[in-house]
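Reviewing the structure listed below.
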Amino acid sequence: MKDAQCEDIQKTDIMEVKKGDLLDIDTVAIDKTHPVEKKLEEFVSGNDGDLSTHLNEGYVVRVHFSKDDYSATDALRHYLKQIAELKY
């Protein structure tokens, strides 16, 4: 997904986002034998576009924070790391 398209999705009302324009997080395949840090890097680097708005089990999910020094991508990385540590 191109940066301009990612920015447009972020600005679009979440109720009007086209699901077809979003990454379905359930389709991402990660090698579960790798350490958590490597799995996280594979996930983030292996996906084109902004992960702060995505599909999860058919629902549009938007991750955002008000802190200027903590981006949605940072938050998503932190969240995924926690999930990976718990599940895998």
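We name chains A, B, ... following the order of the structure tokens; residues begin at 1 in each chain, and ligands are numbered from 1 as shown.
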Show which residues sit within 10 Å of Lys39 (chain A), as a ChimeraX atom specification. Count only C-alpha atoms, and ignore same-chain residues fewer than 5 positions away. /A:29-34,44-45,80-81,84
Could you save the residues just selected, with N, CA and C atoms, as a CSV table (one decimal), in the first residue's frame?
```
chain,number,residue,atom,x,y,z
A,29,ALA,N,1.5,-14.9,7.5
A,29,ALA,CA,2.2,-16.1,8.0
A,29,ALA,C,3.6,-15.8,8.5
A,30,ILE,N,3.9,-16.3,9.7
A,30,ILE,CA,5.1,-16.0,10.4
A,30,ILE,C,5.7,-17.4,10.8
A,31,ASP,N,7.0,-17.5,10.7
A,31,ASP,CA,7.7,-18.7,11.1
A,31,ASP,C,7.7,-18.7,12.6
A,32,LYS,N,7.0,-19.6,13.2
A,32,LYS,CA,6.8,-19.7,14.7
A,32,LYS,C,8.0,-20.2,15.4
A,33,THR,N,9.0,-20.7,14.6
A,33,THR,CA,10.2,-21.3,15.3
A,33,THR,C,11.2,-20.2,15.6
A,34,HIS,N,11.0,-19.0,15.0
A,34,HIS,CA,12.0,-17.9,15.3
A,34,HIS,C,11.7,-17.3,16.7
A,44,VAL,N,6.3,-7.0,10.7
A,44,VAL,CA,6.3,-5.6,10.3
A,44,VAL,C,7.0,-5.4,9.0
A,45,SER,N,8.1,-6.0,8.7
A,45,SER,CA,8.8,-5.7,7.4
A,45,SER,C,8.2,-6.5,6.3
A,80,LEU,N,1.9,-6.8,19.4
A,80,LEU,CA,2.2,-8.1,18.7
A,80,LEU,C,3.3,-8.9,19.5
A,81,LYS,N,4.3,-8.1,20.1
A,81,LYS,CA,5.3,-8.8,20.9
A,81,LYS,C,4.7,-9.5,22.1
A,84,ALA,N,2.7,-12.5,20.9
A,84,ALA,CA,3.7,-13.6,20.5
A,84,ALA,C,4.3,-14.3,21.8
```
Near His78 (chain A), within 12 Å and counting only C-alpha atoms, which residues show up once chain neighbours fewer than 3 positions away are dropped, as a PyMOL selection string? chain A and resi 36-37+40-41+44+63+70-75+81-85
Write the selection just made, keeping N, CA and C atoms, as a short mmCIF file (atom, residue, chain, number, x, y, z; two decimals), in the first residue's frame?
```
data_model
loop_
_atom_site.label_atom_id
_atom_site.label_comp_id
_atom_site.auth_asym_id
_atom_site.auth_seq_id
_atom_site.Cartn_x
_atom_site.Cartn_y
_atom_site.Cartn_z
N VAL A 36 10.88 -14.26 19.36
CA VAL A 36 9.83 -13.23 19.31
C VAL A 36 10.29 -12.00 18.52
N GLU A 37 11.48 -11.51 18.78
CA GLU A 37 11.96 -10.30 18.10
C GLU A 37 12.00 -10.52 16.58
N LEU A 40 8.45 -10.64 15.14
CA LEU A 40 7.92 -9.28 15.08
C LEU A 40 8.48 -8.53 13.88
N GLU A 41 9.78 -8.64 13.68
CA GLU A 41 10.41 -7.97 12.54
C GLU A 41 9.90 -8.54 11.21
N VAL A 44 6.34 -7.03 10.66
CA VAL A 44 6.32 -5.61 10.31
C VAL A 44 6.97 -5.36 8.95
N VAL A 63 -5.62 1.51 15.22
CA VAL A 63 -4.80 1.73 16.40
C VAL A 63 -4.22 3.13 16.32
N TYR A 70 5.08 8.36 20.30
CA TYR A 70 4.73 6.94 20.31
C TYR A 70 3.72 6.70 19.20
N SER A 71 4.19 6.19 18.08
CA SER A 71 3.33 6.02 16.90
C SER A 71 2.45 4.78 17.02
N ALA A 72 1.49 4.70 16.16
CA ALA A 72 0.62 3.52 16.12
C ALA A 72 1.43 2.28 15.75
N THR A 73 2.42 2.44 14.89
CA THR A 73 3.28 1.31 14.53
C THR A 73 4.05 0.83 15.75
N ASP A 74 4.56 1.76 16.56
CA ASP A 74 5.24 1.37 17.80
C ASP A 74 4.30 0.60 18.72
N ALA A 75 3.09 1.09 18.85
CA ALA A 75 2.10 0.45 19.70
C ALA A 75 1.75 -0.94 19.18
N LYS A 81 4.26 -8.13 20.07
CA LYS A 81 5.29 -8.78 20.87
C LYS A 81 4.67 -9.45 22.09
N GLN A 82 3.75 -8.76 22.74
CA GLN A 82 3.07 -9.33 23.89
C GLN A 82 2.26 -10.56 23.51
N ILE A 83 1.53 -10.49 22.42
CA ILE A 83 0.73 -11.62 21.95
C ILE A 83 1.64 -12.80 21.61
N ALA A 84 2.74 -12.53 20.91
CA ALA A 84 3.66 -13.60 20.52
C ALA A 84 4.26 -14.27 21.75
N GLU A 85 4.58 -13.49 22.75
CA GLU A 85 5.16 -14.06 23.97
C GLU A 85 4.14 -14.93 24.70
#
```
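Here the question is which of A:Lys87, A:Ile14, A:Arg77, A:Asp26 gets nearest to Thr53 (chain A) using only C-alpha atoms, and that residue is A:Ile14.
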For Leu23 (chain A), list every protein, DNA or RNA residue within 8 Å, evaluated using only C-alpha atoms, and leave out those in the same chain fewer than 4 positions away; present the list as a list in words. Leu51, His54 and Leu55 of chain A
Just write the chosen residues, all heavy atoms, as a PDB file, in the first residue's frame.
```pdb
ATOM      1  N   LEU A  51       0.135  -0.520   9.174  1.00  0.00           N
ATOM      2  CA  LEU A  51      -0.591  -1.545   9.920  1.00  0.00           C
ATOM      3  C   LEU A  51      -1.542  -0.961  10.957  1.00  0.00           C
ATOM      4  O   LEU A  51      -2.237  -1.699  11.633  1.00  0.00           O
ATOM      5  CB  LEU A  51       0.403  -2.465  10.625  1.00  0.00           C
ATOM      6  CG  LEU A  51       1.337  -3.243   9.716  1.00  0.00           C
ATOM      7  CD1 LEU A  51       2.384  -3.958  10.544  1.00  0.00           C
ATOM      8  CD2 LEU A  51       0.554  -4.218   8.874  1.00  0.00           C
ATOM      9  N   HIS A  54      -6.286  -2.059   9.993  1.00  0.00           N
ATOM     10  CA  HIS A  54      -6.242  -3.382   9.367  1.00  0.00           C
ATOM     11  C   HIS A  54      -7.531  -4.142   9.670  1.00  0.00           C
ATOM     12  O   HIS A  54      -8.373  -3.671  10.427  1.00  0.00           O
ATOM     13  CB  HIS A  54      -5.024  -4.169   9.868  1.00  0.00           C
ATOM     14  CG  HIS A  54      -5.047  -4.413  11.347  1.00  0.00           C
ATOM     15  ND1 HIS A  54      -4.546  -3.501  12.246  1.00  0.00           N
ATOM     16  CD2 HIS A  54      -5.527  -5.433  12.092  1.00  0.00           C
ATOM     17  CE1 HIS A  54      -4.703  -3.961  13.470  1.00  0.00           C
ATOM     18  NE2 HIS A  54      -5.305  -5.134  13.406  1.00  0.00           N
ATOM     19  N   LEU A  55      -7.661  -5.300   9.067  1.00  0.00           N
ATOM     20  CA  LEU A  55      -8.791  -6.193   9.361  1.00  0.00           C
ATOM     21  C   LEU A  55      -8.343  -7.252  10.353  1.00  0.00           C
ATOM     22  O   LEU A  55      -7.247  -7.790  10.250  1.00  0.00           O
ATOM     23  CB  LEU A  55      -9.274  -6.903   8.099  1.00  0.00           C
ATOM     24  CG  LEU A  55     -10.039  -6.084   7.086  1.00  0.00           C
ATOM     25  CD1 LEU A  55     -10.410  -6.950   5.886  1.00  0.00           C
ATOM     26  CD2 LEU A  55     -11.285  -5.480   7.681  1.00  0.00           C
TER      27      LEU A  55
END
```
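Atom pair CA of Gly58 (chain A) / CA of Glu42 (chain A): separated by 22.7 Å.
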Using only C-alpha atoms, which residue out of A:Phe43, A:Ser52, A:Lys38, A:Val60 lies closest to Glu16 (chain A)? A:Val60
